>>> print(open('target.csv').read())   # CSV, C-alpha atoms
chain,number,residue,atom,x,y,z
A,1,MET,CA,143.5,7.4,175.1
A,2,GLU,CA,146.3,9.3,173.6
A,3,PRO,CA,149.4,9.5,175.8
A,4,ALA,CA,149.8,12.8,177.5
A,5,GLN,CA,153.3,13.3,176.1
A,6,ASN,CA,152.0,13.3,172.5
A,7,LYS,CA,149.6,16.2,173.2
A,8,ASN,CA,150.9,19.4,171.7
A,9,ILE,CA,150.2,22.4,173.9
A,10,TRP,CA,151.7,24.9,171.5
A,11,ASN,CA,148.8,25.0,169.0
A,12,ALA,CA,146.4,26.1,171.8
A,13,ALA,CA,148.9,28.5,173.3
A,14,ILE,CA,149.8,30.1,170.0
A,15,LYS,CA,146.2,30.5,168.9
A,16,ALA,CA,145.2,32.1,172.2
A,17,GLY,CA,148.3,34.3,172.3
A,18,VAL,CA,147.9,35.6,168.7
A,19,ILE,CA,144.2,36.4,169.3
A,20,PHE,CA,144.7,38.2,172.6
A,21,GLY,CA,147.9,39.8,171.4
A,22,PHE,CA,145.9,41.4,168.6
A,23,VAL,CA,143.1,42.4,171.0
A,24,VAL,CA,145.6,44.0,173.5
A,25,PHE,CA,147.2,46.0,170.7
A,26,LEU,CA,143.8,47.1,169.3
A,27,VAL,CA,142.5,48.2,172.7
A,28,SER,CA,145.8,50.0,173.5
A,29,THR,CA,145.8,51.8,170.1
A,30,ILE,CA,142.2,52.9,170.3
A,31,GLY,CA,143.0,54.3,173.8
A,32,SER,CA,146.0,56.2,172.3
A,33,TYR,CA,143.7,57.8,169.6
A,34,ILE,CA,141.2,58.7,172.3
A,35,THR,CA,144.0,60.6,174.1
A,36,ILE,CA,145.2,62.2,170.9
A,37,ASN,CA,141.8,63.4,169.8
A,38,SER,CA,140.6,64.6,173.3
A,39,GLU,CA,141.0,68.0,174.7
A,40,PRO,CA,143.6,67.9,177.6
A,41,THR,CA,141.8,67.7,180.9
A,42,GLY,CA,144.7,67.5,183.3
A,43,ASN,CA,143.5,64.1,184.4
A,44,LEU,CA,146.4,61.7,184.4
A,45,LEU,CA,144.1,58.8,183.8
A,46,SER,CA,144.3,59.2,180.1
A,47,GLY,CA,142.9,57.0,177.4
A,48,THR,CA,146.3,55.4,176.8
A,49,ILE,CA,146.7,54.4,180.4
A,50,LEU,CA,143.1,53.3,180.7
A,51,ALA,CA,143.4,51.2,177.5
A,52,SER,CA,146.5,49.5,178.8
A,53,VAL,CA,144.7,48.4,181.9
A,54,VAL,CA,141.6,47.3,180.1
A,55,GLY,CA,143.7,45.5,177.6
A,56,CYS,CA,145.5,43.7,180.4
A,57,LEU,CA,142.3,42.7,182.1
A,58,ILE,CA,141.2,41.2,178.8
A,59,ALA,CA,144.7,39.7,178.3
A,60,PHE,CA,144.3,37.9,181.6
A,61,PHE,CA,141.8,35.6,179.9
A,62,GLY,CA,144.4,34.4,177.4
A,63,GLY,CA,145.2,31.5,179.7
A,64,PHE,CA,141.5,30.5,179.8
A,65,LEU,CA,141.2,30.6,176.0
A,66,GLY,CA,144.4,28.6,175.6
A,67,VAL,CA,143.1,25.9,177.9
A,68,LYS,CA,139.7,26.0,176.2
A,69,PHE,CA,141.5,25.4,172.8
A,70,TYR,CA,143.5,22.6,174.3
A,71,ILE,CA,140.3,20.9,175.7
A,72,ASN,CA,138.5,21.3,172.3
A,73,GLU,CA,141.4,19.5,170.7
A,74,TYR,CA,142.3,16.8,173.2
A,75,GLY,CA,139.4,16.6,175.6
A,76,PRO,CA,139.2,17.8,179.2
A,77,VAL,CA,141.7,15.4,180.8
A,78,MET,CA,144.7,17.4,181.7
A,79,LYS,CA,147.0,18.1,184.6
A,80,ILE,CA,146.8,21.5,186.2
A,81,GLY,CA,150.5,22.0,185.5
A,82,GLN,CA,149.7,21.7,181.7
A,83,GLY,CA,147.1,24.5,182.2
A,84,ALA,CA,149.8,26.7,183.8
A,85,VAL,CA,152.3,26.0,180.9
A,86,ILE,CA,149.6,26.7,178.3
A,87,GLY,CA,148.8,30.0,180.1
A,88,LEU,CA,152.5,31.0,180.3
A,89,MET,CA,153.1,30.2,176.6
A,90,ALA,CA,149.9,32.1,175.6
A,91,GLY,CA,151.1,35.1,177.6
A,92,ILE,CA,154.6,35.0,176.0
A,93,VAL,CA,153.1,34.8,172.5
A,94,MET,CA,150.6,37.6,173.4
A,95,ALA,CA,153.4,39.9,174.6
A,96,VAL,CA,155.5,39.3,171.4
A,97,VAL,CA,152.5,39.8,169.0
A,98,SER,CA,151.2,42.9,170.8
A,99,GLN,CA,154.8,44.4,171.0
A,100,ILE,CA,155.5,43.7,167.3
A,101,LEU,CA,152.2,45.3,166.2
A,102,ALA,CA,152.9,48.3,168.5
A,103,LEU,CA,156.3,48.8,166.7
A,104,ILE,CA,154.7,48.5,163.2
A,105,TRP,CA,151.8,50.8,163.8
A,106,PRO,CA,153.8,54.1,164.0
A,107,MET,CA,155.3,53.2,160.5
A,108,ILE,CA,151.7,53.1,159.2
A,109,ASP,CA,150.6,56.3,160.9
A,110,GLY,CA,153.8,58.5,160.8
A,111,ALA,CA,152.4,61.2,163.1
A,112,PHE,CA,151.2,58.7,165.8
A,113,ILE,CA,154.1,59.0,168.2
A,114,GLU,CA,154.4,62.8,168.0
A,115,ASN,CA,150.7,63.3,168.4
A,116,LEU,CA,150.6,61.0,171.4
A,117,GLN,CA,153.6,62.6,173.0
A,118,THR,CA,152.0,66.1,172.6
A,119,ALA,CA,148.7,64.9,174.0
A,120,LEU,CA,150.3,63.3,177.0
A,121,ILE,CA,152.5,66.2,177.8
A,122,ALA,CA,149.6,68.7,177.4
A,123,ASN,CA,147.7,66.6,180.0
A,124,ILE,CA,150.6,66.7,182.4
A,125,GLU,CA,151.1,70.4,181.9
A,126,ILE,CA,147.6,71.3,183.1
A,127,SER,CA,147.3,68.6,185.7
A,128,GLU,CA,146.6,69.7,189.3
A,129,GLN,CA,147.6,66.4,190.7
A,130,LEU,CA,151.4,67.2,190.6
A,131,PRO,CA,153.5,70.0,192.1
A,132,SER,CA,155.1,72.1,189.3
A,133,ALA,CA,158.7,70.8,189.9
A,134,GLN,CA,157.5,67.2,189.6
A,135,LYS,CA,155.5,68.2,186.6
A,136,GLU,CA,158.6,69.3,184.8
A,137,ASP,CA,160.4,66.1,185.7
A,138,MET,CA,157.4,64.0,184.5
A,139,ILE,CA,157.3,65.9,181.2
A,140,ASP,CA,161.1,65.3,180.7
A,141,ALA,CA,160.6,61.6,181.5
A,142,VAL,CA,157.7,61.3,179.0
A,143,TYR,CA,159.7,63.2,176.3
A,144,ALA,CA,162.7,60.9,176.8
A,145,GLN,CA,160.5,57.8,176.7
A,146,PHE,CA,159.1,58.8,173.2
A,147,GLN,CA,162.5,59.9,171.9
A,148,ASN,CA,163.8,56.4,172.5
A,149,PHE,CA,160.7,54.6,171.1
A,150,TYR,CA,162.8,52.7,168.6
A,151,GLY,CA,165.9,52.3,170.7
A,152,VAL,CA,167.1,48.8,171.1
A,153,GLY,CA,167.0,49.0,174.9
A,154,THR,CA,163.4,50.3,174.8
A,155,ILE,CA,162.3,47.6,172.4
A,156,LEU,CA,163.9,44.8,174.5
A,157,GLN,CA,162.5,46.3,177.7
A,158,GLY,CA,159.0,46.3,176.1
A,159,PHE,CA,159.3,42.6,175.1
A,160,PHE,CA,160.7,41.6,178.5
A,161,MET,CA,158.1,43.5,180.6
A,162,GLY,CA,155.3,42.2,178.4
A,163,ILE,CA,156.6,38.6,178.7
A,164,VAL,CA,156.9,38.9,182.5
A,165,THR,CA,153.5,40.6,183.1
A,166,TYR,CA,151.4,38.7,180.5
A,167,GLY,CA,153.3,35.4,181.0
A,168,LEU,CA,152.9,35.3,184.8
A,169,LEU,CA,149.3,36.5,184.8
A,170,ASN,CA,148.3,34.0,182.2
A,171,LEU,CA,150.1,31.3,184.0
A,172,LEU,CA,147.8,31.9,186.9
A,173,SER,CA,144.7,32.1,184.7
A,174,GLY,CA,145.8,28.9,182.8
A,175,LEU,CA,146.1,27.2,186.2
A,176,LEU,CA,142.6,28.2,187.3
A,177,ALA,CA,141.2,27.2,183.9
A,178,ALA,CA,142.7,23.8,184.0
A,179,LYS,CA,141.3,23.3,187.5
A,180,PHE,CA,137.8,24.5,186.8
A,181,MET,CA,137.4,23.5,183.1
A,182,GLY,CA,139.6,20.4,182.9
A,183,ARG,CA,139.5,17.0,184.5
A,184,ALA,CA,142.4,15.5,186.4
A,185,PRO,CA,143.7,12.3,184.8
A,186,GLU,CA,143.0,9.0,186.6
A,187,PRO,CA,145.9,7.9,188.8
A,188,GLU,CA,147.9,5.1,187.3
A,189,LEU,CA,147.7,1.8,189.3
B,1,MET,CA,131.8,-1.7,201.3
B,2,SER,CA,131.1,-0.9,204.9
B,3,THR,CA,132.8,2.0,206.7
B,4,THR,CA,133.3,2.9,210.2
B,5,PRO,CA,132.0,6.4,211.2
B,6,GLY,CA,134.6,8.7,212.5
B,7,THR,CA,137.5,6.6,211.0
B,8,PRO,CA,140.3,9.1,210.1
B,9,HIS,CA,141.2,7.1,207.0
B,10,HIS,CA,139.4,7.7,203.8
B,11,ARG,CA,136.6,5.3,202.9
B,12,PRO,CA,137.8,2.8,200.2
B,13,SER,CA,134.5,3.2,198.3
B,14,GLU,CA,135.2,6.9,197.9
B,15,PRO,CA,137.8,8.8,195.9
B,16,ALA,CA,140.8,9.6,198.1
B,17,GLY,CA,140.1,13.2,197.9
B,18,ASN,CA,136.7,13.1,199.7
B,19,ASN,CA,138.2,13.4,203.2
B,20,ALA,CA,140.7,15.6,204.8
B,21,TYR,CA,143.6,13.2,204.4
B,22,GLY,CA,143.1,12.7,200.7
B,23,TRP,CA,144.5,16.0,199.5
B,24,LYS,CA,147.9,17.6,199.2
B,25,LEU,CA,149.3,20.8,197.8
B,26,HIS,CA,151.1,20.4,194.5
B,27,PRO,CA,154.6,21.3,195.7
B,28,ILE,CA,156.0,22.9,192.5
B,29,LEU,CA,152.9,24.7,191.5
B,30,PHE,CA,152.3,26.0,195.0
B,31,LEU,CA,155.8,27.3,195.2
B,32,LEU,CA,155.4,28.9,191.8
B,33,VAL,CA,152.2,30.6,192.6
B,34,VAL,CA,153.6,31.9,196.0
B,35,SER,CA,156.8,33.1,194.2
B,36,ILE,CA,154.8,35.0,191.6
B,37,SER,CA,152.6,36.7,194.2
B,38,LEU,CA,155.6,37.6,196.4
B,39,PHE,CA,157.4,39.0,193.3
B,40,PHE,CA,154.4,41.3,192.5
B,41,ALA,CA,154.1,42.3,196.2
B,42,PHE,CA,157.8,43.2,196.2
B,43,VAL,CA,157.4,45.2,192.9
B,44,VAL,CA,154.5,47.2,194.4
B,45,TRP,CA,156.1,48.1,197.7
B,46,SER,CA,159.8,48.6,196.7
B,47,THR,CA,159.6,51.9,194.9
B,48,PRO,CA,159.6,54.2,198.0
B,49,VAL,CA,162.6,52.3,199.3
B,50,MET,CA,164.5,52.3,196.1
B,51,TYR,CA,163.9,55.8,194.6
B,52,SER,CA,164.1,59.3,195.9
B,53,SER,CA,162.5,61.4,193.2
B,54,ILE,CA,159.3,61.3,191.0
B,55,THR,CA,161.6,61.1,187.9
B,56,GLU,CA,163.3,58.0,189.2
B,57,TRP,CA,159.9,56.6,190.0
B,58,HIS,CA,158.6,57.3,186.5
B,59,GLU,CA,161.6,55.7,184.9
B,60,SER,CA,161.7,52.7,187.3
B,61,TRP,CA,161.3,49.2,186.0
B,62,GLN,CA,158.6,48.6,188.7
B,63,ARG,CA,156.4,51.4,187.3
B,64,VAL,CA,157.0,50.3,183.7
B,65,LEU,CA,156.2,46.7,184.6
B,66,MET,CA,153.0,47.5,186.5
B,67,SER,CA,151.8,50.0,184.0
B,68,ARG,CA,150.4,47.1,182.0
B,69,VAL,CA,148.2,46.1,184.9
B,70,CYS,CA,147.4,49.4,186.7
B,71,HIS,CA,146.5,53.0,185.7
B,72,GLN,CA,149.0,54.2,188.4
B,73,GLN,CA,147.1,57.5,188.7
B,74,ILE,CA,149.1,59.5,191.3
B,75,ASP,CA,146.1,60.9,193.2
B,76,ARG,CA,144.8,57.4,193.7
B,77,THR,CA,148.1,55.9,194.8
B,78,PHE,CA,149.6,55.6,198.3
B,79,VAL,CA,152.7,57.7,198.7
B,80,SER,CA,155.5,57.1,201.1
B,81,GLY,CA,158.2,59.7,201.6
B,82,GLY,CA,157.0,61.6,198.5
B,83,ILE,CA,157.4,58.5,196.3
B,84,PRO,CA,154.2,56.7,195.1
B,85,LEU,CA,153.9,52.9,195.2
B,86,ALA,CA,154.1,51.2,191.9
B,87,VAL,CA,150.3,50.7,191.7
B,88,CYS,CA,147.1,52.4,192.8
B,89,SER,CA,145.4,51.8,196.1
B,90,ARG,CA,143.1,49.1,194.9
B,91,CYS,CA,145.9,47.1,193.2
B,92,THR,CA,148.0,47.6,196.4
B,93,GLY,CA,145.3,45.7,198.2
B,94,ILE,CA,145.2,43.0,195.6
B,95,TYR,CA,148.9,42.4,195.4
B,96,THR,CA,149.4,42.6,199.2
B,97,ALA,CA,146.5,40.3,200.1
B,98,LEU,CA,147.4,37.6,197.5
B,99,PRO,CA,150.7,36.3,199.0
B,100,LEU,CA,149.4,36.7,202.6
B,101,VAL,CA,146.4,34.6,201.9
B,102,LEU,CA,148.4,32.0,199.9
B,103,LEU,CA,150.8,31.6,202.8
B,104,VAL,CA,148.3,31.7,205.7
B,105,PHE,CA,145.5,29.6,204.1
B,106,SER,CA,147.9,27.0,202.7
B,107,PHE,CA,147.6,25.4,206.1
B,108,PHE,CA,143.9,25.0,205.7
B,109,PHE,CA,143.7,23.8,202.1
B,110,THR,CA,141.5,20.8,203.0
B,111,VAL,CA,138.9,23.1,204.4
B,112,LEU,CA,139.1,25.3,201.4
B,113,VAL,CA,138.6,22.3,199.0
B,114,ARG,CA,135.3,21.4,200.8
B,115,ALA,CA,134.2,25.0,200.7
B,116,LYS,CA,135.0,25.3,197.0
B,117,ARG,CA,131.6,26.3,195.8
B,118,TYR,CA,131.3,29.1,198.4
B,119,ILE,CA,134.8,30.4,197.5
B,120,VAL,CA,133.8,30.6,193.9
B,121,ARG,CA,130.8,32.6,194.9
B,122,ILE,CA,132.9,34.9,197.2
B,123,PHE,CA,135.2,35.5,194.2
B,124,ALA,CA,132.3,36.3,191.9
B,125,LEU,CA,130.9,38.7,194.5
B,126,ALA,CA,134.3,40.4,195.1
B,127,SER,CA,134.8,40.7,191.3
B,128,LEU,CA,131.4,42.3,191.0
B,129,LEU,CA,132.2,44.7,193.8
B,130,VAL,CA,135.5,45.8,192.2
B,131,ILE,CA,133.9,46.1,188.8
B,132,LEU,CA,131.0,48.2,190.1
B,133,ASP,CA,133.2,50.5,192.2
B,134,GLY,CA,135.8,50.8,189.4
B,135,ALA,CA,133.1,51.6,186.8
B,136,GLY,CA,131.4,54.1,189.1
B,137,ASN,CA,134.7,55.9,189.7
B,138,LEU,CA,135.5,55.8,186.0
B,139,LEU,CA,132.2,57.3,184.9
B,140,HIS,CA,132.4,59.9,187.7
B,141,LEU,CA,129.2,58.6,189.3
B,142,TRP,CA,130.9,58.6,192.7
B,143,GLN,CA,134.4,58.8,194.1
B,144,THR,CA,135.5,56.3,196.7
B,145,ALA,CA,138.2,57.0,199.2
B,146,ASP,CA,141.6,55.3,198.9
B,147,LEU,CA,140.9,53.2,201.9
B,148,ILE,CA,137.7,51.9,200.4
B,149,ARG,CA,139.6,51.1,197.2
B,150,LEU,CA,142.2,49.3,199.2
B,151,LEU,CA,139.5,47.3,201.0
B,152,THR,CA,137.8,46.2,197.8
B,153,GLY,CA,141.2,45.3,196.3
B,154,THR,CA,142.1,43.4,199.4
B,155,LEU,CA,138.8,41.4,199.3
B,156,TRP,CA,139.4,40.5,195.6
B,157,GLY,CA,143.0,39.6,196.3
B,158,MET,CA,141.9,37.3,199.2
B,159,ALA,CA,139.3,35.6,197.1
B,160,ALA,CA,141.7,35.1,194.2
B,161,GLY,CA,144.3,33.7,196.7
B,162,LEU,CA,141.8,31.2,198.0
B,163,LEU,CA,140.9,30.1,194.5
B,164,LEU,CA,144.5,29.7,193.6
B,165,ILE,CA,145.0,27.5,196.7
B,166,ILE,CA,142.1,25.3,195.6
B,167,SER,CA,143.7,25.1,192.1
B,168,VAL,CA,147.0,23.7,193.3
B,169,THR,CA,145.3,21.2,195.7
B,170,ILE,CA,145.4,17.8,194.2
B,171,PRO,CA,144.4,14.3,195.3
B,172,ARG,CA,147.1,12.7,197.4
B,173,ASP,CA,147.3,9.6,195.3
B,174,SER,CA,147.8,11.5,192.0
>>> encode(input="target.csv", output="structure tokens")
Amino acid sequence: MEPAQNKNIWNAAIKAGVIFGFVVFLVSTIGSYITINSEPTGNLLSGTILASVVGCLIAFFGGFLGVKFYINEYGPVMKIGQGAVIGLMAGIVMAVVSQILALIWPMIDGAFIENLQTALIANIEISEQLPSAQKEDMIDAVYAQFQNFYGVGTILQGFFMGIVTYGLLNLLSGLLAAKFMGRAPEPEL
Amino acid sequence: MSTTPGTPHHRPSEPAGNNAYGWKLHPILFLLVVSISLFFAFVVWSTPVMYSSITEWHESWQRVLMSRVCHQQIDRTFVSGGIPLAVCSRCTGIYTALPLVLLVFSFFFTVLVRAKRYIVRIFALASLLVILDGAGNLLHLWQTADLIRLLTGTLWGMAAGLLLIISVTIPRDS
């Protein structure tokens, strides 16, 4: 059997991360266009927010896919800690890929940010879920958020938040996958 | 090889993990899982303590962080002192139950390992419940109260916590 230290977990993690990073970006972007092309309803559960959540639920399986790729490559014998590391790495790659794509897309569709901002603000304006004073505050906050879309701080924050969320969630899913899909190595005598 | 019924030590002919004394919690992974769940619980509950206006809440790192895992719709979120928590009522249940279950049931991990197949079923059932209720709400088929959402989220969080404990339980001789 191949020694455990020669097994490269990066291949599996990168493959799973890239695939799910693209899927998360795709779902999120589709959600944004649903928001842009819908009439404002006042419901704060907009397509963008919904897509982010659905995207994240999908992204939770990045750890599973990473472990599956690893098992396909090296067989089911693995420590559960390896599953956790694969999940963490897949989550980090996923966050980086989805964030980079999210930064590139507005360059392809030049009106994307402005349209999305307008649609979100229109939704808040006619919302009945917020008192008017809070509504104004919320609109200001959304406006500021989009004005700083390409700010260094915003970009770094996006990378960091993505890495924390996707990294930690996929660490847990990688752990579960290693336990339920893998097989523990025989103890050395 | 013969065995003595009722002997507290594991039978030599069986893998060490087949009795209550053959298992242990992986110390590092258990600590890691508990830390992560406590971190998310802190993020969820800290906004009403740390912020005093809805603008501060909207710009808070807690809201931005959790926006990737929750819709944070204000009318479906518990509010304390006029400031919403960082996630909706269902997610509040999930992120609160998870660390509690991990800490409480870590004392009974040997029982959990024996009941593994039932826990997997409980998790599947809780997931189905959350998906059905979530989909029903989303499609406007019905609207469940915040407390029901909290309850379904808590159930899912508890089941996930039990699964995670099983995941970090390893044979003592490994």
>>> closest_atom_pairs(input="target.csv", of="chain B", to="chain A", cutoff="8 Å", atoms="all atoms listed in the file", output="tab-separated table")
residue	atom	partner	partner_atom	distance
B:Leu29	CA	A:Gly81	CA	7.0
B:Val33	CA	A:Leu172	CA	7.3
B:Ile36	CA	A:Leu168	CA	7.1
B:Ile54	CA	A:Gln134	CA	6.3
B:Thr55	CA	A:Asp137	CA	5.6
B:His58	CA	A:Ala141	CA	6.9
B:Glu59	CA	A:Ala141	CA	6.9
B:Val64	CA	A:Met161	CA	7.6
B:Leu65	CA	A:Met161	CA	5.5
B:Met66	CA	A:Thr165	CA	7.7
B:Ser67	CA	A:Ser52	CA	7.4
B:Arg68	CA	A:Ser52	CA	5.6
B:Val69	CA	A:Val53	CA	5.2
B:Cys70	CA	A:Val53	CA	5.6
B:His71	CA	A:Ile49	CA	5.5
B:Gln73	CA	A:Leu45	CA	5.9
B:Ile74	CA	A:Gln129	CA	7.1
B:Asp75	CA	A:Gln129	CA	6.2
B:Leu163	CA	A:Leu176	CA	7.6
B:Leu164	CA	A:Leu176	CA	6.7
B:Ser167	CA	A:Lys179	CA	5.5
B:Val168	CA	A:Ile80	CA	7.4
B:Asp173	CA	A:Pro187	CA	6.9
B:Ser174	CA	A:Pro187	CA	5.2
>>> write_last_selection(input="target.csv", atoms="C-alpha atoms", output="PDB file, keeping the file's coordinate frame")
ATOM      1  CA  LEU B  29     152.900  24.700 191.500  1.00  0.00           C
ATOM      2  CA  VAL B  33     152.200  30.600 192.600  1.00  0.00           C
ATOM      3  CA  ILE B  36     154.800  35.000 191.600  1.00  0.00           C
ATOM      4  CA  ILE B  54     159.300  61.300 191.000  1.00  0.00           C
ATOM      5  CA  THR B  55     161.600  61.100 187.900  1.00  0.00           C
ATOM      6  CA  HIS B  58     158.600  57.300 186.500  1.00  0.00           C
ATOM      7  CA  GLU B  59     161.600  55.700 184.900  1.00  0.00           C
ATOM      8  CA  VAL B  64     157.000  50.300 183.700  1.00  0.00           C
ATOM      9  CA  LEU B  65     156.200  46.700 184.600  1.00  0.00           C
ATOM     10  CA  MET B  66     153.000  47.500 186.500  1.00  0.00           C
ATOM     11  CA  SER B  67     151.800  50.000 184.000  1.00  0.00           C
ATOM     12  CA  ARG B  68     150.400  47.100 182.000  1.00  0.00           C
ATOM     13  CA  VAL B  69     148.200  46.100 184.900  1.00  0.00           C
ATOM     14  CA  CYS B  70     147.400  49.400 186.700  1.00  0.00           C
ATOM     15  CA  HIS B  71     146.500  53.000 185.700  1.00  0.00           C
ATOM     16  CA  GLN B  73     147.100  57.500 188.700  1.00  0.00           C
ATOM     17  CA  ILE B  74     149.100  59.500 191.300  1.00  0.00           C
ATOM     18  CA  ASP B  75     146.100  60.900 193.200  1.00  0.00           C
ATOM     19  CA  LEU B 163     140.900  30.100 194.500  1.00  0.00           C
ATOM     20  CA  LEU B 164     144.500  29.700 193.600  1.00  0.00           C
ATOM     21  CA  SER B 167     143.700  25.100 192.100  1.00  0.00           C
ATOM     22  CA  VAL B 168     147.000  23.700 193.300  1.00  0.00           C
ATOM     23  CA  ASP B 173     147.300   9.600 195.300  1.00  0.00           C
ATOM     24  CA  SER B 174     147.800  11.500 192.000  1.00  0.00           C
TER      25      SER B 174
END
>>> atom_distance(input="target.csv", atom1="atom CA of A:Gly63", atom2="atom CA of A:Asn170")
4.7 Å
>>> atom_distance(input="target.csv", atom1="atom CA of A:Lys68", atom2="atom CA of A:Ser28")
24.9 Å
>>> residues_around(input="target.csv", residues="A:Val96", least_positions_apart="2", cutoff="8 Å", atoms="all atoms listed in the file", output="number ranges by chain")
A: 21, 92-94, 98-100, 159, 162-163
>>> residues_around(input="target.csv", residues="stretch 84-93 of chain B", least_positions_apart="6", cutoff="10 Å", atoms="only C-alpha atoms", output="NGL selection string")
:B and (40-49 or 51 or 53-54 or 57-58 or 60-67 or 69-78 or 130 or 134 or 145-158)
>>> residues_near_point(input="target.csv", point="(149.1, 62.0, 171.1)", cutoff="10 Å", atoms="only C-alpha atoms", output="ChimeraX atom specification")
/A:32-38,48,111-122
>>> atom_distance(input="target.csv", atom1="atom CA of B:Gly81", atom2="atom CA of B:Ser52")
8.2 Å
>>> closest_residue(input="target.csv", among="A:Gly110, A:Gly91, A:Pro76, A:Gly182", to="A:Ile58", atoms="all atoms listed in the file")
A:Gly91
>>> closest_residue(input="target.csv", among="A:Arg183, A:Phe149, A:Gly174, A:Asn11", to="A:Glu73", atoms="all atoms listed in the file")
A:Asn11
>>> closest_residue(input="target.csv", among="A:Ile124, A:Asn8, A:Val67, A:Pro106", to="A:Phe146", atoms="only C-alpha atoms")
A:Pro106
>>> build_atoms(input="target.csv", residues="stretch 11-24 of chain A", atoms="N, CA, C and O atoms", output="CSV table (one decimal), in the frame of the given file")
chain,number,residue,atom,x,y,z
A,11,ASN,N,149.9,24.5,169.9
A,11,ASN,CA,148.8,25.0,169.0
A,11,ASN,C,147.8,25.8,169.8
A,11,ASN,O,147.5,27.0,169.4
A,12,ALA,N,147.4,25.3,171.0
A,12,ALA,CA,146.4,26.1,171.8
A,12,ALA,C,147.0,27.4,172.3
A,12,ALA,O,146.4,28.4,172.2
A,13,ALA,N,148.3,27.3,172.7
A,13,ALA,CA,148.9,28.5,173.3
A,13,ALA,C,149.1,29.6,172.2
A,13,ALA,O,148.8,30.8,172.5
A,14,ILE,N,149.5,29.2,171.0
A,14,ILE,CA,149.8,30.1,170.0
A,14,ILE,C,148.5,30.8,169.5
A,14,ILE,O,148.4,32.0,169.3
A,15,LYS,N,147.5,29.9,169.3
A,15,LYS,CA,146.2,30.5,168.9
A,15,LYS,C,145.7,31.5,169.9
A,15,LYS,O,145.3,32.7,169.5
A,16,ALA,N,145.7,31.2,171.1
A,16,ALA,CA,145.2,32.1,172.2
A,16,ALA,C,146.0,33.3,172.2
A,16,ALA,O,145.6,34.5,172.4
A,17,GLY,N,147.4,33.1,172.2
A,17,GLY,CA,148.3,34.3,172.3
A,17,GLY,C,148.2,35.2,171.1
A,17,GLY,O,148.2,36.5,171.3
A,18,VAL,N,148.0,34.7,169.9
A,18,VAL,CA,147.9,35.6,168.7
A,18,VAL,C,146.6,36.4,168.8
A,18,VAL,O,146.5,37.6,168.6
A,19,ILE,N,145.5,35.7,169.2
A,19,ILE,CA,144.2,36.4,169.3
A,19,ILE,C,144.2,37.5,170.3
A,19,ILE,O,143.9,38.7,170.1
A,20,PHE,N,144.7,37.2,171.5
A,20,PHE,CA,144.7,38.2,172.6
A,20,PHE,C,145.8,39.2,172.4
A,20,PHE,O,145.7,40.3,172.8
A,21,GLY,N,146.9,38.8,171.7
A,21,GLY,CA,147.9,39.8,171.4
A,21,GLY,C,147.4,40.9,170.5
A,21,GLY,O,147.6,42.1,170.7
A,22,PHE,N,146.6,40.5,169.5
A,22,PHE,CA,145.9,41.4,168.6
A,22,PHE,C,144.9,42.3,169.4
A,22,PHE,O,144.9,43.5,169.2
A,23,VAL,N,144.1,41.7,170.2
A,23,VAL,CA,143.1,42.4,171.0
A,23,VAL,C,143.8,43.4,171.9
A,23,VAL,O,143.3,44.6,172.0
A,24,VAL,N,144.9,43.1,172.6
A,24,VAL,CA,145.6,44.0,173.5
A,24,VAL,C,146.1,45.2,172.7
A,24,VAL,O,145.9,46.3,173.1
